[in-house]
$ cat work-v1.json   # JSON, C-alpha atoms (C1' of nucleotides)
[["chain", "number", "residue", "atom", "x", "y", "z"],
["O", 1, "MET", "CA", 124.24, 101.53, 74.87],
["O", 2, "GLY", "CA", 121.24, 102.96, 76.63],
["O", 3, "PRO", "CA", 120.48, 102.56, 80.31],
["O", 4, "ARG", "CA", 120.43, 99.11, 81.90],
["O", 5, "LEU", "CA", 117.30, 97.48, 83.21],
["O", 6, "ARG", "CA", 116.43, 98.27, 86.78],
["O", 7, "SER", "CA", 117.79, 95.62, 89.09],
["O", 8, "PHE", "CA", 115.00, 93.56, 90.65],
["O", 9, "PRO", "CA", 115.43, 90.19, 92.32],
["O", 10, "TRP", "CA", 112.77, 88.51, 90.19],
["O", 11, "ARG", "CA", 114.81, 89.41, 87.11],
["O", 12, "GLN", "CA", 117.61, 87.14, 88.25],
["O", 13, "THR", "CA", 115.60, 83.93, 88.02],
["O", 14, "ARG", "CA", 113.58, 81.96, 85.48],
["O", 15, "ASP", "CA", 111.91, 79.80, 88.13],
["O", 16, "PRO", "CA", 108.27, 79.85, 86.99],
["O", 17, "TRP", "CA", 106.82, 79.60, 90.48],
["O", 18, "VAL", "CA", 109.00, 82.40, 91.80],
["O", 19, "ILE", "CA", 108.04, 84.55, 88.82],
["O", 20, "LEU", "CA", 104.39, 83.70, 89.42],
["O", 21, "VAL", "CA", 104.58, 84.72, 93.06],
["O", 22, "ALA", "CA", 106.38, 87.94, 92.18],
["O", 23, "GLU", "CA", 103.84, 88.83, 89.52],
["O", 24, "VAL", "CA", 100.90, 88.22, 91.85],
["O", 25, "LEU", "CA", 102.52, 90.48, 94.42],
["O", 26, "LEU", "CA", 103.18, 93.10, 91.75],
["O", 27, "GLN", "CA", 99.49, 93.35, 90.85],
["O", 28, "GLN", "CA", 98.56, 96.96, 91.66],
["O", 29, "THR", "CA", 101.60, 97.23, 93.91],
["O", 30, "GLN", "CA", 104.71, 99.35, 93.33],
["O", 31, "ALA", "CA", 107.65, 97.20, 92.29],
["O", 32, "GLN", "CA", 109.96, 98.70, 94.89],
["O", 33, "ARG", "CA", 107.66, 97.66, 97.73],
["O", 34, "VAL", "CA", 107.83, 94.05, 96.55],
["O", 35, "ALA", "CA", 111.57, 94.24, 95.96],
["O", 36, "ASP", "CA", 112.17, 95.46, 99.51],
["O", 37, "ARG", "CA", 110.74, 92.26, 100.98],
["O", 38, "PHE", "CA", 111.73, 89.76, 98.34],
["O", 39, "ASP", "CA", 114.11, 87.71, 100.51],
["O", 40, "GLU", "CA", 111.30, 87.18, 102.98],
["O", 41, "ILE", "CA", 108.89, 86.36, 100.15],
["O", 42, "LEU", "CA", 111.21, 83.69, 98.75],
["O", 43, "GLU", "CA", 111.65, 82.12, 102.15],
["O", 44, "LEU", "CA", 107.89, 82.01, 102.74],
["O", 45, "PHE", "CA", 106.43, 81.36, 99.31],
["O", 46, "GLY", "CA", 109.39, 79.97, 97.37],
["O", 47, "THR", "CA", 107.72, 76.75, 96.23],
["O", 48, "PRO", "CA", 104.08, 75.77, 95.69],
["O", 49, "GLU", "CA", 104.54, 73.03, 98.28],
["O", 50, "ALA", "CA", 105.69, 75.57, 100.85],
["O", 51, "VAL", "CA", 102.64, 77.73, 100.19],
["O", 52, "VAL", "CA", 100.32, 74.74, 100.55],
["O", 53, "ALA", "CA", 102.07, 73.77, 103.78],
["O", 54, "LEU", "CA", 101.55, 77.24, 105.21],
["O", 55, "GLY", "CA", 97.78, 76.85, 104.88],
["O", 56, "GLN", "CA", 95.48, 79.65, 103.83],
["O", 57, "ALA", "CA", 95.51, 81.36, 107.21],
["O", 58, "GLY", "CA", 99.29, 81.17, 107.27],
["O", 59, "VAL", "CA", 99.57, 82.78, 103.87],
["O", 60, "VAL", "CA", 97.13, 85.56, 104.77],
["O", 61, "GLU", "CA", 98.99, 86.17, 108.05],
["O", 62, "ARG", "CA", 102.23, 86.71, 106.19],
["O", 63, "TRP", "CA", 100.61, 88.88, 103.52],
["O", 64, "SER", "CA", 100.62, 91.81, 105.95],
["O", 65, "GLY", "CA", 101.65, 95.05, 104.31],
["O", 66, "PHE", "CA", 100.96, 94.02, 100.73],
["O", 67, "GLY", "CA", 97.26, 94.83, 100.52],
["O", 68, "TYR", "CA", 94.49, 93.22, 98.47],
["O", 69, "ASN", "CA", 94.29, 90.29, 100.88],
["O", 70, "SER", "CA", 92.20, 88.23, 98.50],
["O", 71, "ARG", "CA", 95.39, 87.83, 96.52],
["O", 72, "ALA", "CA", 96.79, 85.79, 99.41],
["O", 73, "VAL", "CA", 93.79, 83.48, 99.31],
["O", 74, "ARG", "CA", 94.14, 83.10, 95.57],
["O", 75, "LEU", "CA", 97.87, 82.44, 95.80],
["O", 76, "PHE", "CA", 97.15, 79.65, 98.27],
["O", 77, "ARG", "CA", 94.50, 78.13, 95.99],
["O", 78, "CYS", "CA", 96.83, 78.58, 93.05],
["O", 79, "ALA", "CA", 99.54, 76.63, 94.87],
["O", 80, "GLN", "CA", 97.07, 73.88, 95.66],
["O", 81, "THR", "CA", 96.07, 73.66, 92.00],
["O", 82, "VAL", "CA", 99.64, 73.67, 90.74],
["O", 83, "VAL", "CA", 100.51, 70.83, 93.09],
["O", 84, "ALA", "CA", 97.33, 68.78, 92.64],
["O", 85, "VAL", "CA", 96.66, 69.31, 88.94],
["O", 86, "HIS", "CA", 100.08, 70.05, 87.47],
["O", 87, "GLY", "CA", 102.33, 67.96, 89.68],
["O", 88, "GLY", "CA", 103.96, 71.00, 91.27],
["O", 89, "VAL", "CA", 105.05, 72.40, 87.90],
["O", 90, "VAL", "CA", 103.74, 75.76, 86.67],
["O", 91, "PRO", "CA", 102.09, 75.27, 83.27],
["O", 92, "HIS", "CA", 103.24, 77.33, 80.29],
["O", 93, "ARG", "CA", 100.09, 77.30, 78.14],
["O", 94, "ARG", "CA", 97.98, 80.45, 78.33],
["O", 95, "ASP", "CA", 94.70, 78.63, 78.97],
["O", 96, "ASP", "CA", 96.20, 76.56, 81.78],
["O", 97, "LEU", "CA", 97.63, 79.68, 83.39],
["O", 98, "LEU", "CA", 94.35, 81.60, 83.10],
["O", 99, "ALA", "CA", 92.60, 78.70, 84.84],
["O", 100, "LEU", "CA", 94.74, 79.24, 87.95],
["O", 101, "PRO", "CA", 93.22, 81.34, 90.76],
["O", 102, "GLY", "CA", 94.49, 84.92, 90.73],
["O", 103, "ILE", "CA", 96.10, 84.63, 87.31],
["O", 104, "GLY", "CA", 94.55, 86.92, 84.71],
["O", 105, "PRO", "CA", 95.65, 88.08, 81.25],
["O", 106, "TYR", "CA", 98.53, 90.22, 82.50],
["O", 107, "THR", "CA", 100.03, 87.68, 84.87],
["O", 108, "ALA", "CA", 99.65, 84.80, 82.41],
["O", 109, "ALA", "CA", 101.58, 86.78, 79.82],
["O", 110, "ALA", "CA", 104.19, 87.86, 82.35],
["O", 111, "ILE", "CA", 104.84, 84.24, 83.36],
["O", 112, "ARG", "CA", 105.17, 83.15, 79.74],
["O", 113, "ALA", "CA", 107.46, 86.05, 78.85],
["O", 114, "PHE", "CA", 109.60, 86.23, 81.99],
["O", 115, "ALA", "CA", 109.80, 82.60, 83.10],
["O", 116, "PHE", "CA", 109.54, 80.70, 79.82],
["O", 117, "GLU", "CA", 111.01, 83.43, 77.62],
["O", 118, "GLU", "CA", 108.23, 83.26, 75.07],
["O", 119, "ASP", "CA", 107.84, 86.26, 72.76],
["O", 120, "VAL", "CA", 104.43, 87.32, 74.03],
["O", 121, "ALA", "CA", 103.55, 90.91, 74.87],
["O", 122, "VAL", "CA", 103.19, 91.83, 78.50],
["O", 123, "TYR", "CA", 100.42, 94.41, 78.73],
["O", 124, "ASP", "CA", 100.00, 96.28, 81.99],
["O", 125, "THR", "CA", 99.28, 99.86, 83.01],
["O", 126, "ASN", "CA", 102.80, 100.94, 81.99],
["O", 127, "VAL", "CA", 102.68, 99.34, 78.57],
["O", 128, "ALA", "CA", 99.16, 100.59, 77.88],
["O", 129, "ARG", "CA", 100.35, 104.12, 78.58],
["O", 130, "VAL", "CA", 103.35, 103.79, 76.30],
["O", 131, "ILE", "CA", 101.29, 102.30, 73.47],
["O", 132, "ALA", "CA", 98.68, 105.04, 73.75],
["O", 133, "ARG", "CA", 101.16, 107.88, 73.83],
["O", 134, "ALA", "CA", 104.22, 106.85, 71.84],
["O", 135, "ALA", "CA", 102.92, 104.25, 69.39],
["O", 136, "LEU", "CA", 99.43, 105.52, 68.58],
["O", 137, "GLY", "CA", 99.04, 109.02, 69.97],
["O", 138, "ALA", "CA", 95.46, 108.12, 70.75],
["O", 139, "PRO", "CA", 93.46, 106.27, 73.39],
["O", 140, "VAL", "CA", 93.23, 102.50, 72.85],
["O", 141, "ALA", "CA", 90.81, 99.80, 73.88],
["O", 142, "ALA", "CA", 92.36, 96.87, 75.68],
["O", 143, "GLY", "CA", 92.15, 94.44, 72.77],
["O", 144, "ALA", "CA", 93.69, 96.79, 70.21],
["O", 145, "GLY", "CA", 96.35, 97.93, 72.65],
["O", 146, "TRP", "CA", 97.37, 94.36, 73.33],
["O", 147, "ALA", "CA", 97.52, 93.57, 69.61],
["O", 148, "THR", "CA", 99.70, 96.61, 68.97],
["O", 149, "ALA", "CA", 101.97, 95.64, 71.83],
["O", 150, "GLN", "CA", 102.31, 92.11, 70.46],
["O", 151, "GLN", "CA", 103.38, 93.40, 67.04],
["O", 152, "MET", "CA", 106.22, 95.29, 68.65],
["O", 153, "VAL", "CA", 107.77, 92.32, 70.46],
["O", 154, "PRO", "CA", 111.02, 91.44, 68.66],
["O", 155, "ASN", "CA", 111.72, 87.81, 67.81],
["O", 156, "GLU", "CA", 113.84, 85.98, 70.39],
["O", 157, "ARG", "CA", 114.10, 89.14, 72.49],
["O", 158, "GLY", "CA", 110.75, 89.20, 74.22],
["O", 159, "TRP", "CA", 112.11, 88.83, 77.73],
["O", 160, "HIS", "CA", 114.38, 91.85, 77.55],
["O", 161, "TYR", "CA", 112.01, 93.92, 75.44],
["O", 162, "ASN", "CA", 109.07, 93.49, 77.82],
["O", 163, "GLN", "CA", 111.18, 94.28, 80.88],
["O", 164, "ALA", "CA", 112.49, 97.37, 79.10],
["O", 165, "VAL", "CA", 109.03, 98.68, 78.20],
["O", 166, "LEU", "CA", 107.92, 98.19, 81.78],
["O", 167, "ASP", "CA", 110.90, 100.17, 82.98],
["O", 168, "PHE", "CA", 110.35, 102.85, 80.37],
["O", 169, "GLY", "CA", 106.75, 103.33, 81.48],
["O", 170, "ALA", "CA", 107.67, 103.28, 85.14],
["O", 171, "THR", "CA", 110.59, 105.71, 84.98],
["O", 172, "ILE", "CA", 110.26, 107.90, 81.85],
["O", 173, "CYS", "CA", 106.79, 107.70, 80.34],
["O", 174, "THR", "CA", 105.13, 108.00, 83.75],
["O", 175, "ALA", "CA", 101.49, 108.67, 84.49],
["O", 176, "ARG", "CA", 101.90, 111.97, 86.31],
["O", 177, "ARG", "CA", 104.91, 113.89, 85.03],
["O", 178, "PRO", "CA", 106.43, 112.09, 82.04],
["O", 179, "ALA", "CA", 110.12, 112.95, 81.60],
["O", 180, "CYS", "CA", 109.86, 113.88, 77.92],
["O", 181, "GLU", "CA", 113.04, 116.01, 78.18],
["O", 182, "ARG", "CA", 115.18, 112.95, 78.74],
["O", 183, "CYS", "CA", 113.04, 110.52, 76.76],
["O", 184, "PRO", "CA", 115.10, 108.47, 74.28],
["O", 185, "ILE", "CA", 112.23, 108.09, 71.82],
["O", 186, "SER", "CA", 110.59, 111.50, 71.97],
["O", 187, "ARG", "CA", 111.42, 112.12, 68.30],
["O", 188, "ARG", "CA", 109.36, 109.10, 67.37],
["O", 189, "CYS", "CA", 106.60, 109.59, 69.95],
["O", 190, "ALA", "CA", 103.21, 110.07, 68.27],
["O", 191, "TYR", "CA", 101.90, 112.27, 71.06],
["O", 192, "ALA", "CA", 105.03, 114.44, 71.08],
["O", 193, "ARG", "CA", 105.04, 114.76, 67.30],
["O", 194, "ALA", "CA", 101.46, 115.98, 67.53],
["O", 195, "GLY", "CA", 102.74, 118.74, 69.77],
["O", 196, "PHE", "CA", 101.05, 117.23, 72.85],
["O", 197, "SER", "CA", 97.81, 118.61, 71.50],
["O", 198, "GLY", "CA", 94.60, 117.44, 73.08],
["O", 199, "ASP", "CA", 94.18, 115.27, 76.15],
["O", 200, "ASP", "CA", 96.86, 112.81, 77.21],
["O", 201, "PRO", "CA", 95.99, 109.65, 75.20],
["O", 202, "ALA", "CA", 96.89, 107.52, 78.21],
["O", 203, "ARG", "CA", 94.24, 109.17, 80.33],
["O", 204, "THR", "CA", 91.30, 107.38, 78.76],
["O", 205, "THR", "CA", 93.09, 104.23, 77.64],
["O", 206, "ALA", "CA", 91.74, 100.92, 78.90],
["O", 207, "GLY", "CA", 94.15, 99.15, 81.16],
["O", 208, "THR", "CA", 95.55, 102.29, 82.69],
["O", 209, "ALA", "CA", 94.70, 102.91, 86.30],
["O", 210, "ARG", "CA", 91.10, 103.80, 87.02],
["O", 211, "ARG", "CA", 90.28, 106.12, 89.84],
["O", 212, "GLN", "CA", 88.90, 104.69, 93.04],
["O", 213, "GLY", "CA", 86.89, 106.08, 95.90],
["O", 214, "THR", "CA", 88.38, 107.62, 99.01],
["O", 215, "PHE", "CA", 90.12, 105.00, 101.15],
["O", 216, "ARG", "CA", 89.89, 106.78, 104.48],
["O", 217, "GLY", "CA", 86.60, 105.92, 106.14],
["O", 218, "SER", "CA", 85.75, 103.34, 103.51],
["O", 219, "ARG", "CA", 84.58, 99.77, 103.89],
["O", 220, "ARG", "CA", 87.86, 98.72, 102.33],
["O", 221, "GLU", "CA", 89.74, 100.39, 105.14],
["O", 222, "ALA", "CA", 87.60, 98.52, 107.67],
["O", 223, "ARG", "CA", 88.24, 95.22, 105.89],
["O", 224, "GLY", "CA", 91.97, 95.83, 105.94],
["O", 225, "ALA", "CA", 91.92, 96.71, 109.63],
["O", 226, "ILE", "CA", 89.93, 93.61, 110.54],
["O", 227, "VAL", "CA", 92.30, 91.27, 108.70],
["O", 228, "GLU", "CA", 95.30, 93.00, 110.23],
["O", 229, "VAL", "CA", 93.96, 92.40, 113.77],
["O", 230, "LEU", "CA", 93.09, 88.78, 112.99],
["O", 231, "ARG", "CA", 96.69, 88.21, 111.89],
["O", 232, "GLN", "CA", 97.50, 88.34, 115.61],
["O", 233, "GLY", "CA", 94.99, 85.56, 116.32],
["O", 234, "PRO", "CA", 91.27, 84.88, 116.78],
["O", 235, "ARG", "CA", 89.11, 87.53, 118.43],
["O", 236, "THR", "CA", 85.55, 87.85, 119.61],
["O", 237, "ARG", "CA", 83.38, 90.18, 117.62],
["O", 238, "GLN", "CA", 83.55, 92.66, 120.49],
["O", 239, "GLU", "CA", 87.34, 92.55, 120.71],
["O", 240, "LEU", "CA", 87.65, 92.86, 116.97],
["O", 241, "GLN", "CA", 85.44, 95.90, 116.75],
["O", 242, "GLU", "CA", 87.32, 97.64, 119.56],
["O", 243, "ALA", "CA", 90.76, 96.73, 118.27],
["O", 244, "THR", "CA", 90.07, 98.01, 114.78],
["O", 245, "GLY", "CA", 88.44, 101.22, 115.92],
["O", 246, "MET", "CA", 86.22, 100.84, 112.89],
["O", 247, "HIS", "CA", 82.57, 101.53, 113.51],
["O", 248, "ALA", "CA", 81.01, 102.86, 110.38],
["O", 249, "HIS", "CA", 81.52, 99.91, 108.06],
["O", 250, "PHE", "CA", 82.42, 97.19, 110.54],
["O", 251, "ASP", "CA", 79.43, 94.90, 110.00],
["O", 252, "ALA", "CA", 79.45, 95.16, 106.23],
["O", 253, "ALA", "CA", 83.21, 94.70, 106.11],
["O", 254, "LEU", "CA", 83.11, 91.59, 108.27],
["O", 255, "ASP", "CA", 80.25, 90.09, 106.28],
["O", 256, "GLY", "CA", 82.19, 90.70, 103.10],
["O", 257, "LEU", "CA", 85.34, 89.06, 104.47],
["O", 258, "ILE", "CA", 83.34, 86.00, 105.50],
["O", 259, "ALA", "CA", 81.67, 85.86, 102.09],
["O", 260, "ASP", "CA", 85.08, 86.11, 100.43],
["O", 261, "GLY", "CA", 86.41, 83.17, 102.41],
["O", 262, "LEU", "CA", 89.01, 85.24, 104.23],
["O", 263, "VAL", "CA", 87.42, 85.09, 107.68],
["O", 264, "THR", "CA", 85.59, 82.29, 109.46],
["O", 265, "SER", "CA", 82.97, 82.85, 112.12],
["O", 266, "SER", "CA", 82.63, 80.15, 114.74],
["O", 267, "THR", "CA", 80.31, 80.25, 117.73],
["O", 268, "GLU", "CA", 82.53, 82.48, 119.84],
["O", 269, "ARG", "CA", 85.25, 83.90, 117.69],
["O", 270, "LEU", "CA", 86.32, 85.27, 114.35],
["O", 271, "ALA", "CA", 89.52, 83.98, 112.76],
["O", 272, "LEU", "CA", 91.35, 83.87, 109.48],
["O", 273, "SER", "CA", 89.95, 80.96, 107.45],
["O", 274, "ASN", "CA", 92.05, 77.83, 107.13],
["S", 1, "DT", "C1'", 94.65, 113.48, 95.38],
["S", 2, "DT", "C1'", 96.49, 110.31, 92.16],
["S", 3, "DC", "C1'", 98.55, 106.11, 91.03],
["S", 4, "DC", "C1'", 100.54, 101.63, 91.60],
["S", 5, "DA", "C1'", 103.93, 95.21, 86.82],
["S", 6, "DG", "C1'", 95.34, 93.55, 87.91],
["S", 7, "DT", "C1'", 91.65, 90.10, 88.89],
["S", 8, "DT", "C1'", 87.10, 88.94, 89.82],
["S", 9, "DC", "C1'", 82.30, 89.59, 90.39],
["S", 10, "DT", "C1'", 77.99, 91.80, 89.00],
["L", 1, "DA", "C1'", 81.16, 98.29, 81.43],
["L", 2, "DG", "C1'", 81.48, 99.27, 86.35],
["L", 3, "DA", "C1'", 82.50, 98.35, 91.02],
["L", 4, "DA", "C1'", 85.03, 96.20, 94.65],
["L", 5, "DC", "C1'", 89.28, 95.25, 96.45],
["L", 6, "DG", "C1'", 94.78, 97.68, 100.55],
["L", 7, "DG", "C1'", 97.59, 100.54, 101.80],
["L", 8, "DG", "C1'", 101.75, 103.14, 100.88],
["L", 9, "DA", "C1'", 104.11, 106.81, 98.53],
["L", 10, "DA", "C1'", 104.76, 111.03, 95.57]]
$ encode --input "work-v1.json" --output "structure tokens"
Amino acid sequence: MGPRLRSFPWRQTRDPWVILVAEVLLQQTQAQRVADRFDEILELFGTPEAVVALGQAGVVERWSGFGYNSRAVRLFRCAQTVVAVHGGVVPHRRDDLLALPGIGPYTAAAIRAFAFEEDVAVYDTNVARVIARAALGAPVAAGAGWATAQQMVPNERGWHYNQAVLDFGATICTARRPACERCPISRRCAYARAGFSGDDPARTTAGTARRQGTFRGSRREARGAIVEVLRQGPRTRQELQEATGMHAHFDAALDGLIADGLVTSSTERLALSN
DNA sequence: TTCCAGTTCT
DNA sequence: AGAACGGGAA
């Protein structure tokens, strides 16, 4: 037998809502960071009704430390939709899942594969890298990569297979320094068999991480700082600006947060939107 | 600096 | 297609 799957709390359940919450948190966020706070996450967001009851501001308040705060807004709206439209039950059909706020192609597939145990391919940054390197030895567009991934899913074993590929990409076939020396499939890896000639196929493959601008001094940093201060409670514009210490992008950041429905501006104060 | 179990808007 | 969107960790 090869190595076991990594032990993550969301792998011990098939509760579709819990899986959904975990997958939303895992979007662009290292698995270990989510795992470290999973008890707290379950207590806070364990049912769609609980999320609705928290209210949007409550959800955003408790999202501290996870980043991408719009995900908190979308999770709240998603909970509302699941309760109001689906009677509190997470749907299993792809189109119904994609219609939920914050649920895109990856998360819809992850819910189907990991909660409902359907044999659908989960295609994320890890899988895209593995497909490009090991299966094809060449860069892939998103559509073709997904199709290739789907062909590889074994009948009746999708749950375990998908979790295993994710682990393989996260621990062996990594973005930076892939551990080819201890790779169990290096003999069958297209890129390895080609002698690692040319650029890393994963580099230019769609679905793998794209580079972003510098965070320090960015508007995104200002947005994050503003939301973090407002988690403590409402503030005047003056107080908010001083507390964040953000000057350069403060106005644009605040405008953006209001436009995104994260922050509400009343006559005197700014606050997280309800 | 790069990258992280992506989604949404333009 | 490209950009915007957090913040932590290697």
$ closest_atom_pairs --input "work-v1.json" --of "chain L" --to "range 2-8 of chain S" --cutoff "10 Å" --atoms "all atoms listed in the file" --output "JSON lines"
{"residue": "L:DA4", "atom": "C1'", "partner": "S:DT8", "partner_atom": "C1'", "distance": 9.0}
{"residue": "L:DC5", "atom": "C1'", "partner": "S:DT8", "partner_atom": "C1'", "distance": 9.4}
{"residue": "L:DG8", "atom": "C1'", "partner": "S:DC4", "partner_atom": "C1'", "distance": 9.5}
{"residue": "L:DA9", "atom": "C1'", "partner": "S:DC4", "partner_atom": "C1'", "distance": 9.4}
{"residue": "L:DA10", "atom": "C1'", "partner": "S:DT2", "partner_atom": "C1'", "distance": 9.0}
$ write_last_selection --input "work-v1.json" --atoms "C-alpha atoms (C1' of nucleotides)" --output "PDB file, keeping the file's coordinate frame"
ATOM      1  C1'  DA L   4      85.030  96.200  94.650  1.00  0.00           C
ATOM      2  C1'  DC L   5      89.280  95.250  96.450  1.00  0.00           C
ATOM      3  C1'  DG L   8     101.750 103.140 100.880  1.00  0.00           C
ATOM      4  C1'  DA L   9     104.110 106.810  98.530  1.00  0.00           C
ATOM      5  C1'  DA L  10     104.760 111.030  95.570  1.00  0.00           C
TER       6       DA L  10
END
$ atom_distance --input "work-v1.json" --atom1 "CA of Leu75 in chain O" --atom2 "CA of Val52 in chain O"
9.4 Å
$ closest_residue --input "work-v1.json" --among "O:Trp10, O:Ala271, O:Thr29, O:Thr244" --to "DG6 in chain L" --atoms "all atoms listed in the file"
O:Thr29
$ atom_distance --input "work-v1.json" --atom1 "CA of Gln238 in chain O" --atom2 "CA of Arg71 in chain O"
27.2 Å
$ interface_residues --input "work-v1.json" --of "chain O" --to "chain S" --cutoff "8 Å" --atoms "all atoms listed in the file" --output "list in words"
Glu23, Leu26, Gln27, Gln28, Thr29, Gln30, Ala31, Gly102, Ile103, Gly104, Tyr106, Asp124, Thr125, Asn126, Leu166, Ala175, Ala209 and Arg211 of chain O
$ interface_residues --input "work-v1.json" --of "chain O" --to "chain L" --cutoff "10 Å" --atoms "only C-alpha atoms (C1' of nucleotides)" --output "PyMOL selection string"
chain O and resi 28-30+33+64-71+176+212+215+219-221+223-225
$ write_last_selection --input "work-v1.json" --atoms "C-alpha atoms" --output "CSV table (one decimal), in the frame of the given file"
chain,number,residue,atom,x,y,z
O,28,GLN,CA,98.6,97.0,91.7
O,29,THR,CA,101.6,97.2,93.9
O,30,GLN,CA,104.7,99.4,93.3
O,33,ARG,CA,107.7,97.7,97.7
O,64,SER,CA,100.6,91.8,106.0
O,65,GLY,CA,101.6,95.0,104.3
O,66,PHE,CA,101.0,94.0,100.7
O,67,GLY,CA,97.3,94.8,100.5
O,68,TYR,CA,94.5,93.2,98.5
O,69,ASN,CA,94.3,90.3,100.9
O,70,SER,CA,92.2,88.2,98.5
O,71,ARG,CA,95.4,87.8,96.5
O,176,ARG,CA,101.9,112.0,86.3
O,212,GLN,CA,88.9,104.7,93.0
O,215,PHE,CA,90.1,105.0,101.2
O,219,ARG,CA,84.6,99.8,103.9
O,220,ARG,CA,87.9,98.7,102.3
O,221,GLU,CA,89.7,100.4,105.1
O,223,ARG,CA,88.2,95.2,105.9
O,224,GLY,CA,92.0,95.8,105.9
O,225,ALA,CA,91.9,96.7,109.6
$ atom_distance --input "work-v1.json" --atom1 "CA of Gly46 in chain O" --atom2 "CA of Phe114 in chain O"
16.6 Å
$ residues_around --input "work-v1.json" --residues "Ala50 in chain O" --least-positions-apart "3" --cutoff "12 Å" --atoms "all atoms listed in the file" --output "list of chain:residue names"
O:Trp17, O:Val18, O:Ile41, O:Leu42, O:Glu43, O:Leu44, O:Phe45, O:Gly46, O:Thr47, O:Ala53, O:Leu54, O:Gly55, O:Gln56, O:Gly58, O:Val59, O:Leu75, O:Phe76, O:Ala79, O:Gln80, O:Val82, O:Val83, O:Gly88
